[in-house]
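In what follows, a structure is listed as structure tokens, so that the remarks can point back to it.
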Amino acid sequence: APPTTADLEYVVIAGGGGGGTNSNSGGGGAGGYLSSSIASVSSGSTFTVTVGAGGGVGSNSNGSNGSNSSIAGSSISTITATGGGGGSKQGGTAGSGGSGGGGAYDTTGGDGTSGQGFDGGDGVASGDYPGGGGGGAGEAGNTDGSGTGGDGKVSKITGTAIARAGGGSGGVSGGGTVRAAGDGGGGTGAEGNNTAPVAATVNTGGGGAGGAADTAGLPGAAGTVIFAYDSGSFSG
């Protein structure tokens, strides 16, 4: 006979924050990252799964925060990963969230959420004036150098080691050095009006790329919810 209960592993990642838009803006913070298991799930149990969208971008604006992802059900306390913080525009404010958004070259990064992600990096008002990198699930923005996105976390829940929830990198002045996004799907920030930003990888919860000069930043990536179990089946 099939088992009547089973442990259910999960990874829940919220949507990443959008990058800031205008001169040397911050990268978006990764969506919050949660992984654990639900013990002794009974056969026939039902759950409501919400996958958060990535945060958007506007004209001359801070990036928007990503949306939350969650698992809810009558037999569990709701599991909620918090959307990533948006990157700051010049003179703006970086968002706090699952991981914090990066500051513009003249502002500070936002705060991450303990147990879900890390802080965004501050911008630097010298050199090629990089916006701060968005925080990732595994480290803060700017950990690997000014303007770099924080790395995400690696999971083998699908059977293959995959990094998700990396922070977006900040934009830099024309002629400057493009900063690396965080491992795990973060977007790569622009270089002046010369090098276009690169989008965050879909369904990783990666933070969006920061803009530069007249080049707009890019939205954060949507999150994901992944389950793994030993035997049985799902429907939904």
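Labels used: A, B, ... for chains in the order of the structure tokens, numbers from 1 for residues in each chain, and numbers from 1 for ligands as shown.
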Subject >> Exercise: A:Gly152 partners within 12 Å, only C-alpha atoms, chain neighbours under 3 positions left out, as a PyMOL selection string >> reply: chain A and resi 13+16+29-34+98-99+116-118+134-141+143+149+155+162-168+181-186+204-207
Pick out the residues sitting within 10 Å of A:Gly102, and hand them over as a compact mmCIF listing (two decimals) with all heavy atoms, in the first residue's frame; count only C-alpha atoms, and ignore anything fewer than 5 positions along from it in its own chain.
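Dumped to part.txt:
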# COMPACT_ATOMS: atom_id res chain seq x y z
N GLY A 17 13.76 42.09 -6.72
CA GLY A 17 13.46 43.50 -6.87
C GLY A 17 13.94 44.05 -8.22
O GLY A 17 14.91 43.55 -8.80
N GLY A 19 15.67 46.79 -10.82
CA GLY A 19 16.81 47.70 -10.75
C GLY A 19 16.37 49.15 -10.80
O GLY A 19 15.31 49.48 -11.32
N GLY A 20 17.20 50.01 -10.23
CA GLY A 20 16.91 51.43 -10.31
C GLY A 20 17.12 51.97 -11.73
O GLY A 20 17.88 51.40 -12.52
N SER A 25 22.43 53.51 -11.16
CA SER A 25 21.50 53.05 -10.14
C SER A 25 21.92 51.71 -9.56
O SER A 25 22.81 51.02 -10.07
CB SER A 25 20.10 52.92 -10.75
OG SER A 25 19.60 54.17 -11.16
N GLY A 26 21.24 51.34 -8.48
CA GLY A 26 21.53 50.09 -7.81
C GLY A 26 20.83 48.91 -8.44
O GLY A 26 19.77 49.02 -9.06
N GLY A 27 21.45 47.73 -8.27
CA GLY A 27 20.82 46.49 -8.69
C GLY A 27 19.74 46.06 -7.72
O GLY A 27 19.75 46.43 -6.53
N GLY A 28 18.79 45.29 -8.21
CA GLY A 28 17.71 44.80 -7.35
C GLY A 28 18.17 43.67 -6.44
O GLY A 28 19.06 42.89 -6.79
N GLY A 29 17.58 43.60 -5.27
CA GLY A 29 17.86 42.51 -4.35
C GLY A 29 17.12 41.25 -4.74
O GLY A 29 16.02 41.30 -5.30
N GLY A 63 13.63 51.02 -8.34
CA GLY A 63 12.99 49.78 -8.72
C GLY A 63 11.94 49.38 -7.68
O GLY A 63 12.06 49.70 -6.50
N GLY A 85 14.19 43.68 -2.44
CA GLY A 85 14.11 45.13 -2.46
C GLY A 85 14.54 45.71 -3.80
O GLY A 85 15.46 45.21 -4.45
N GLY A 86 13.88 46.77 -4.22
CA GLY A 86 14.24 47.44 -5.46
C GLY A 86 15.51 48.25 -5.33
O GLY A 86 15.85 48.75 -4.24
N GLY A 87 16.26 48.37 -6.43
CA GLY A 87 17.45 49.19 -6.45
C GLY A 87 17.12 50.67 -6.45
O GLY A 87 16.08 51.10 -6.95
N SER A 88 18.02 51.47 -5.88
CA SER A 88 17.80 52.91 -5.79
C SER A 88 18.16 53.63 -7.08
O SER A 88 19.14 53.28 -7.74
CB SER A 88 18.66 53.47 -4.65
OG SER A 88 18.64 54.89 -4.62
N LYS A 89 17.40 54.68 -7.42
CA LYS A 89 17.80 55.62 -8.45
C LYS A 89 18.76 56.64 -7.83
O LYS A 89 18.96 56.68 -6.60
CB LYS A 89 16.59 56.34 -9.03
CG LYS A 89 15.93 57.31 -8.04
CD LYS A 89 14.86 58.13 -8.72
CE LYS A 89 14.29 59.18 -7.75
NZ LYS A 89 13.32 60.07 -8.42
N THR A 93 15.98 55.88 -2.87
CA THR A 93 16.02 54.99 -1.70
C THR A 93 15.93 53.55 -2.15
O THR A 93 15.00 53.17 -2.87
CB THR A 93 14.84 55.29 -0.76
OG1 THR A 93 14.87 56.66 -0.36
CG2 THR A 93 14.90 54.40 0.48
N ALA A 94 16.89 52.75 -1.73
CA ALA A 94 16.85 51.32 -2.04
C ALA A 94 15.82 50.62 -1.16
O ALA A 94 15.65 50.97 0.01
CB ALA A 94 18.23 50.70 -1.82
N GLY A 95 15.15 49.64 -1.74
CA GLY A 95 14.14 48.92 -0.99
C GLY A 95 14.75 47.84 -0.10
O GLY A 95 15.77 47.24 -0.42
N SER A 96 14.11 47.62 1.04
CA SER A 96 14.44 46.48 1.89
C SER A 96 13.48 45.34 1.57
O SER A 96 12.35 45.57 1.14
CB SER A 96 14.33 46.87 3.36
OG SER A 96 15.28 47.87 3.69
N THR A 107 23.78 56.70 -2.83
CA THR A 107 22.88 56.29 -1.75
C THR A 107 23.29 54.94 -1.19
O THR A 107 24.16 54.25 -1.74
CB THR A 107 21.41 56.22 -2.22
OG1 THR A 107 21.28 55.20 -3.21
CG2 THR A 107 20.95 57.56 -2.81
N THR A 108 22.68 54.57 -0.09
CA THR A 108 23.01 53.32 0.59
C THR A 108 22.04 52.20 0.21
O THR A 108 20.93 52.45 -0.24
CB THR A 108 22.99 53.52 2.11
OG1 THR A 108 21.69 53.98 2.52
CG2 THR A 108 24.03 54.53 2.54
N GLY A 109 22.49 50.96 0.43
CA GLY A 109 21.68 49.80 0.11
C GLY A 109 20.59 49.53 1.14
O GLY A 109 20.64 50.03 2.27
N GLY A 110 19.61 48.74 0.72
CA GLY A 110 18.51 48.35 1.60
C GLY A 110 18.85 47.12 2.42
O GLY A 110 19.84 46.42 2.17
N ASP A 111 18.01 46.84 3.40
CA ASP A 111 18.23 45.73 4.32
C ASP A 111 17.62 44.43 3.80
O ASP A 111 16.53 44.44 3.22
CB ASP A 111 17.61 46.03 5.68
CG ASP A 111 18.27 47.21 6.39
OD1 ASP A 111 19.46 47.45 6.14
OD2 ASP A 111 17.57 47.88 7.17
N ASP A 119 21.88 42.08 2.85
CA ASP A 119 21.71 43.50 2.54
C ASP A 119 22.24 43.85 1.15
O ASP A 119 23.18 43.23 0.65
CB ASP A 119 22.48 44.36 3.54
CG ASP A 119 21.95 44.25 4.97
OD1 ASP A 119 20.85 43.70 5.16
OD2 ASP A 119 22.67 44.71 5.89
N GLY A 120 21.67 44.89 0.56
CA GLY A 120 22.21 45.46 -0.65
C GLY A 120 23.43 46.30 -0.36
O GLY A 120 23.61 46.82 0.76
N GLY A 121 24.29 46.46 -1.36
CA GLY A 121 25.51 47.23 -1.20
C GLY A 121 25.28 48.72 -1.41
O GLY A 121 24.36 49.15 -2.10
N ASP A 122 26.16 49.52 -0.80
CA ASP A 122 26.12 50.97 -1.01
C ASP A 122 26.78 51.32 -2.34
O ASP A 122 27.70 50.64 -2.80
CB ASP A 122 26.87 51.69 0.10
CG ASP A 122 26.30 51.44 1.48
OD1 ASP A 122 25.13 51.01 1.58
OD2 ASP A 122 27.03 51.68 2.47
N GLY A 123 26.34 52.43 -2.95
CA GLY A 123 27.02 52.94 -4.12
C GLY A 123 28.33 53.61 -3.76
O GLY A 123 28.63 53.85 -2.58
N GLY A 131 26.72 51.96 -9.03
CA GLY A 131 25.63 51.72 -8.11
C GLY A 131 25.90 50.45 -7.32
O GLY A 131 26.68 49.58 -7.74
N GLY A 132 25.31 50.33 -6.16
CA GLY A 132 25.53 49.16 -5.32
C GLY A 132 24.88 47.91 -5.88
O GLY A 132 23.86 47.96 -6.56
N GLY A 133 25.48 46.77 -5.57
CA GLY A 133 24.90 45.50 -5.96
C GLY A 133 23.78 45.09 -5.03
O GLY A 133 23.82 45.34 -3.82
N GLY A 134 22.75 44.47 -5.60
CA GLY A 134 21.68 43.93 -4.78
C GLY A 134 22.14 42.74 -3.97
O GLY A 134 23.03 41.99 -4.38
N GLY A 135 21.56 42.58 -2.79
CA GLY A 135 21.90 41.44 -1.95
C GLY A 135 21.39 40.14 -2.54
O GLY A 135 20.42 40.12 -3.30
N ALA A 140 25.91 39.40 0.86
CA ALA A 140 25.49 40.78 0.63
C ALA A 140 25.98 41.29 -0.72
O ALA A 140 26.97 40.79 -1.28
CB ALA A 140 26.03 41.67 1.74
N GLY A 141 25.29 42.32 -1.23
CA GLY A 141 25.78 43.02 -2.39
C GLY A 141 27.14 43.64 -2.11
O GLY A 141 27.47 43.98 -0.96
N ASN A 142 27.96 43.78 -3.15
CA ASN A 142 29.31 44.35 -3.06
C ASN A 142 30.33 43.40 -2.42
O ASN A 142 31.49 43.79 -2.24
CB ASN A 142 29.35 45.69 -2.32
CG ASN A 142 28.65 46.81 -3.04
OD1 ASN A 142 28.02 46.61 -4.07
ND2 ASN A 142 28.74 48.01 -2.49
N GLY A 147 29.68 47.33 -6.47
CA GLY A 147 28.69 47.21 -7.54
C GLY A 147 28.29 45.80 -7.91
O GLY A 147 27.37 45.62 -8.71
N THR A 148 28.95 44.79 -7.36
CA THR A 148 28.63 43.40 -7.74
C THR A 148 27.43 42.88 -6.96
O THR A 148 27.24 43.20 -5.79
CB THR A 148 29.82 42.47 -7.49
OG1 THR A 148 30.18 42.49 -6.10
CG2 THR A 148 31.02 42.87 -8.34
N GLY A 149 26.62 42.07 -7.63
CA GLY A 149 25.49 41.45 -6.96
C GLY A 149 25.91 40.34 -6.02
O GLY A 149 26.91 39.65 -6.24
N GLY A 150 25.18 40.20 -4.93
CA GLY A 150 25.45 39.12 -3.99
C GLY A 150 25.05 37.77 -4.56
O GLY A 150 24.02 37.64 -5.24
N GLY A 167 21.72 38.50 -6.54
CA GLY A 167 21.41 39.92 -6.65
C GLY A 167 21.85 40.52 -7.97
O GLY A 167 22.80 40.05 -8.61
N GLY A 168 21.16 41.58 -8.40
CA GLY A 168 21.54 42.30 -9.60
C GLY A 168 22.72 43.23 -9.34
O GLY A 168 22.92 43.69 -8.21
N SER A 169 23.51 43.50 -10.38
CA SER A 169 24.64 44.41 -10.21
C SER A 169 24.23 45.83 -10.56
O SER A 169 23.27 46.08 -11.28
CB SER A 169 25.85 43.96 -11.04
OG SER A 169 25.59 43.94 -12.42
N GLY A 170 25.01 46.79 -10.02
CA GLY A 170 24.72 48.19 -10.23
C GLY A 170 25.25 48.70 -11.56
O GLY A 170 26.17 48.13 -12.16
N GLY A 207 17.67 39.42 -8.69
CA GLY A 207 17.43 40.85 -8.70
C GLY A 207 17.68 41.45 -10.07
O GLY A 207 18.51 40.97 -10.84
N GLY A 210 20.82 47.17 -12.61
CA GLY A 210 20.78 48.61 -12.41
C GLY A 210 21.01 49.38 -13.69
O GLY A 210 21.78 48.95 -14.56
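In this comparison, which uses only C-alpha atoms, the residue of A:Val202, A:Leu218, A:Gly100, A:Val124 approaching A:Gly52 most closely is A:Val202.
Atom pair atom CA of A:Val57 / atom CA of A:Tyr10: separated by 29.8 Å.
Among the candidates A:Thr46, A:Ser59, A:Thr113, A:Asn22, the residue lying nearest to A:Ser75 is A:Thr46 (atoms considered: only C-alpha atoms).
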